[in-house]
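What follows is one structure encoded as structure tokens, with my remarks underneath.
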Amino acid sequence: MANEIKSQILEIAQDLLEKLEITGEVVVEDGEEGSFKVVINTEETGLLIGHHGETLNSFQLILGVILFKKRGVWARVLVDVGDYRKLREESIKEMVNRIVSEVETAGLPVTLPFLTPLERRIVHVMLTGHEKVVSESTGEGRDRRLTIRPK
């Protein structure tokens with residue numbers, strides 16, 4: 001069953017790249033917790049990633065929706081190009097460590113700039129069980145922000 005889903009994901013991703021006139025190689029792997037990871041190797045990484053990963057997130061959403069329409073069941077698909085997601089996660093973790101130190105020292109809450117739901121989840125998981133600070137999300141949609149504050 002998983003191999004059938006992977007071949008459908010591969011077919012859809014290749015079709016989307018062709019329609020976007022982007023040349024690249026698509027690899028589909030098993031991800032965490034039953035999800036699927038799609039790695040796209042291309043010379044046009046910047047074009048596919050877009051501003052702050054917006055194009056990449058859109059590509060991922062469209063891929064997931066098409067897969068859902070074909071299968072009738074939602075499958076979690078994570079698309080990465082040029083290790084963007086890995087590098088972004090490392091950058092977020094560095095920023096959070098710096099902010100946690102500030103919050104611990106000053107005792108004042110700090111609100112982070114806009115983060116995608118996946119990026120907010122990274123921060124929440126990272127700070128779960130932290131002794132001195134807690135993270136919380138407030139707001140709706142594009143105005144949703146994550147705040148790190150003292151316990």
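Identifiers in this document derive from the order of the structure tokens: chains are assigned A, B, ..., residues are numbered from 1 separately in each chain, and ligands are numbered from 1 in order of occurrence.
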Using only C-alpha atoms, determine which residues lie at most 12 Å from Ser137 of chain A, disregarding the query and same-chain residues fewer than 5 positions distant; provide the list as a compact mmCIF listing (two decimals) with C-alpha atoms, in the first residue's frame.
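Below is the file out-v4.txt, written as the result:
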# COMPACT_ATOMS: atom_id res chain seq x y z
CA VAL A 110 9.23 37.70 23.43
CA THR A 111 6.94 37.30 20.42
CA LEU A 112 8.52 35.65 17.39
CA PRO A 113 8.04 36.82 13.80
CA PHE A 114 5.61 34.92 11.56
CA LEU A 115 6.21 31.17 11.50
CA THR A 116 4.32 28.53 9.53
CA PRO A 117 2.30 25.96 11.50
CA GLU A 119 7.72 25.89 12.26
CA ARG A 120 5.58 26.78 15.31
CA ARG A 121 5.28 23.07 16.06
CA VAL A 123 9.31 25.50 18.66
CA HIS A 124 6.54 24.03 20.82
CA ASP A 143 -1.65 37.05 12.34
CA ARG A 144 -0.90 33.93 14.43
CA ARG A 145 2.27 34.46 16.46
CA LEU A 146 4.23 32.38 18.92
CA THR A 147 5.33 33.92 22.22
CA ILE A 148 8.01 32.58 24.52
CA ARG A 149 7.48 33.69 28.11
Residues at most 12 Å from Leu63 of chain A, counting only C-alpha atoms, excluding those fewer than 3 positions away in the same chain, as a PyMOL selection string?
chain A and resi 8-17+36-38+56-60+66-70+74-79
Got time to write the residues from that selection, N, CA and C atoms, as a PDB file, in the first residue's frame?
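Final output, saved to result_30.pdb:
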ATOM      1  N   GLN A   8       2.196   7.134  -6.606  1.00  0.00           N
ATOM      2  CA  GLN A   8       1.240   8.198  -6.943  1.00  0.00           C
ATOM      3  C   GLN A   8       1.829   9.570  -6.635  1.00  0.00           C
ATOM      4  N   ILE A   9       2.483   9.707  -5.482  1.00  0.00           N
ATOM      5  CA  ILE A   9       3.119  10.976  -5.108  1.00  0.00           C
ATOM      6  C   ILE A   9       4.183  11.346  -6.134  1.00  0.00           C
ATOM      7  N   LEU A  10       5.002  10.375  -6.528  1.00  0.00           N
ATOM      8  CA  LEU A  10       6.054  10.593  -7.519  1.00  0.00           C
ATOM      9  C   LEU A  10       5.459  11.084  -8.831  1.00  0.00           C
ATOM     10  N   GLU A  11       4.407  10.426  -9.280  1.00  0.00           N
ATOM     11  CA  GLU A  11       3.752  10.784 -10.541  1.00  0.00           C
ATOM     12  C   GLU A  11       3.180  12.203 -10.479  1.00  0.00           C
ATOM     13  N   ILE A  12       2.513  12.540  -9.390  1.00  0.00           N
ATOM     14  CA  ILE A  12       1.906  13.870  -9.234  1.00  0.00           C
ATOM     15  C   ILE A  12       2.998  14.943  -9.174  1.00  0.00           C
ATOM     16  N   ALA A  13       4.043  14.704  -8.381  1.00  0.00           N
ATOM     17  CA  ALA A  13       5.121  15.686  -8.238  1.00  0.00           C
ATOM     18  C   ALA A  13       5.822  15.924  -9.571  1.00  0.00           C
ATOM     19  N   GLN A  14       6.096  14.857 -10.316  1.00  0.00           N
ATOM     20  CA  GLN A  14       6.740  15.013 -11.622  1.00  0.00           C
ATOM     21  C   GLN A  14       5.844  15.781 -12.587  1.00  0.00           C
ATOM     22  N   ASP A  15       4.545  15.511 -12.535  1.00  0.00           N
ATOM     23  CA  ASP A  15       3.588  16.211 -13.390  1.00  0.00           C
ATOM     24  C   ASP A  15       3.547  17.708 -13.050  1.00  0.00           C
ATOM     25  N   LEU A  16       3.541  18.021 -11.739  1.00  0.00           N
ATOM     26  CA  LEU A  16       3.534  19.429 -11.319  1.00  0.00           C
ATOM     27  C   LEU A  16       4.808  20.141 -11.787  1.00  0.00           C
ATOM     28  N   LEU A  17       5.961  19.498 -11.641  1.00  0.00           N
ATOM     29  CA  LEU A  17       7.220  20.106 -12.092  1.00  0.00           C
ATOM     30  C   LEU A  17       7.193  20.353 -13.598  1.00  0.00           C
ATOM     31  N   PHE A  36       5.036  11.028   4.217  1.00  0.00           N
ATOM     32  CA  PHE A  36       5.924  10.789   3.085  1.00  0.00           C
ATOM     33  C   PHE A  36       6.756  12.036   2.844  1.00  0.00           C
ATOM     34  N   LYS A  37       8.044  11.828   2.564  1.00  0.00           N
ATOM     35  CA  LYS A  37       8.956  12.943   2.309  1.00  0.00           C
ATOM     36  C   LYS A  37       9.292  12.946   0.824  1.00  0.00           C
ATOM     37  N   VAL A  38       9.090  14.088   0.197  1.00  0.00           N
ATOM     38  CA  VAL A  38       9.379  14.254  -1.216  1.00  0.00           C
ATOM     39  C   VAL A  38      10.585  15.186  -1.329  1.00  0.00           C
ATOM     40  N   LEU A  56       7.286  26.740  -2.043  1.00  0.00           N
ATOM     41  CA  LEU A  56       7.467  25.348  -1.624  1.00  0.00           C
ATOM     42  C   LEU A  56       6.261  24.861  -0.822  1.00  0.00           C
ATOM     43  N   ASN A  57       5.763  25.689   0.097  1.00  0.00           N
ATOM     44  CA  ASN A  57       4.581  25.326   0.876  1.00  0.00           C
ATOM     45  C   ASN A  57       3.354  25.166  -0.019  1.00  0.00           C
ATOM     46  N   SER A  58       3.227  26.028  -1.018  1.00  0.00           N
ATOM     47  CA  SER A  58       2.108  25.933  -1.955  1.00  0.00           C
ATOM     48  C   SER A  58       2.201  24.660  -2.788  1.00  0.00           C
ATOM     49  N   PHE A  59       3.392  24.354  -3.260  1.00  0.00           N
ATOM     50  CA  PHE A  59       3.630  23.128  -4.032  1.00  0.00           C
ATOM     51  C   PHE A  59       3.230  21.913  -3.187  1.00  0.00           C
ATOM     52  N   GLN A  60       3.640  21.932  -1.937  1.00  0.00           N
ATOM     53  CA  GLN A  60       3.339  20.835  -1.008  1.00  0.00           C
ATOM     54  C   GLN A  60       1.825  20.691  -0.807  1.00  0.00           C
ATOM     55  N   ILE A  66      -4.135  17.107  -4.516  1.00  0.00           N
ATOM     56  CA  ILE A  66      -4.305  16.222  -5.674  1.00  0.00           C
ATOM     57  C   ILE A  66      -4.273  14.763  -5.238  1.00  0.00           C
ATOM     58  N   LEU A  67      -3.352  14.427  -4.347  1.00  0.00           N
ATOM     59  CA  LEU A  67      -3.260  13.059  -3.830  1.00  0.00           C
ATOM     60  C   LEU A  67      -4.555  12.676  -3.111  1.00  0.00           C
ATOM     61  N   PHE A  68      -5.091  13.599  -2.319  1.00  0.00           N
ATOM     62  CA  PHE A  68      -6.345  13.344  -1.608  1.00  0.00           C
ATOM     63  C   PHE A  68      -7.493  13.109  -2.599  1.00  0.00           C
ATOM     64  N   LYS A  69      -7.551  13.931  -3.635  1.00  0.00           N
ATOM     65  CA  LYS A  69      -8.613  13.786  -4.637  1.00  0.00           C
ATOM     66  C   LYS A  69      -8.531  12.424  -5.336  1.00  0.00           C
ATOM     67  N   LYS A  70      -7.314  11.953  -5.569  1.00  0.00           N
ATOM     68  CA  LYS A  70      -7.136  10.654  -6.234  1.00  0.00           C
ATOM     69  C   LYS A  70      -7.449   9.479  -5.316  1.00  0.00           C
ATOM     70  N   TRP A  74      -6.561  11.414   3.223  1.00  0.00           N
ATOM     71  CA  TRP A  74      -5.470  12.377   3.368  1.00  0.00           C
ATOM     72  C   TRP A  74      -4.180  11.659   3.768  1.00  0.00           C
ATOM     73  N   ALA A  75      -3.085  11.987   3.098  1.00  0.00           N
ATOM     74  CA  ALA A  75      -1.759  11.471   3.449  1.00  0.00           C
ATOM     75  C   ALA A  75      -0.855  12.680   3.667  1.00  0.00           C
ATOM     76  N   ARG A  76      -0.116  12.667   4.750  1.00  0.00           N
ATOM     77  CA  ARG A  76       0.776  13.793   5.060  1.00  0.00           C
ATOM     78  C   ARG A  76       2.015  13.715   4.175  1.00  0.00           C
ATOM     79  N   VAL A  77       2.249  14.780   3.424  1.00  0.00           N
ATOM     80  CA  VAL A  77       3.366  14.844   2.497  1.00  0.00           C
ATOM     81  C   VAL A  77       4.201  16.074   2.822  1.00  0.00           C
ATOM     82  N   LEU A  78       5.513  15.891   2.963  1.00  0.00           N
ATOM     83  CA  LEU A  78       6.427  16.992   3.242  1.00  0.00           C
ATOM     84  C   LEU A  78       7.401  17.104   2.071  1.00  0.00           C
ATOM     85  N   VAL A  79       7.429  18.260   1.428  1.00  0.00           N
ATOM     86  CA  VAL A  79       8.284  18.472   0.259  1.00  0.00           C
ATOM     87  C   VAL A  79       9.495  19.312   0.666  1.00  0.00           C
TER      88      VAL A  79
END
Figure out the distance between atom CA of Ile40 of chain A and atom CA of Val65 of chain A, please, to one decimal in Å.
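Between atom CA of Val65 of chain A and atom CA of Ile40 of chain A the gap works out to 18.3 Å.
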As a PyMOL selection string, list the residues of segment 104-151 of chain A assigned to strand (DSSP E) by DSSP on the backbone atoms of this structure.
chain A and resi 110-111+133-138+145-150
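Computed from the coordinates, the atom CA of Asn97 of chain A to atom CA of Tyr84 of chain A distance equals 20.0 Å.
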Mind pulling up the distance from atom CA of Glu43 of chain A to atom CA of Thr23 of chain A?
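Result for atom CA of Thr23 of chain A versus atom CA of Glu43 of chain A: 7.6 Å, one decimal.
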Run DSSP on the backbone and give me the residues of chain A it puts in alpha helix (DSSP H), as a ChimeraX atom specification.
/A:2-19,45-49,54-71,84-106,117-127
Find, counting only C-alpha atoms, the residue in A:Gly53, A:Gly46, A:Gly34, A:Pro150 that gets nearest to Arg85 of chain A.
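Using only C-alpha atoms, Arg85 of chain A sits closest to A:Gly53.
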Could you give me, as number ranges by chain, the residues within 6 Å of Val39 of chain A, counting only C-alpha atoms and dropping anything in the same chain fewer than 5 positions from it?
A: 26-27, 79-81
For Arg88 of chain A, the closest of A:Ile49, A:Gly139, A:Asn41, A:Glu29 counting only C-alpha atoms is A:Ile49
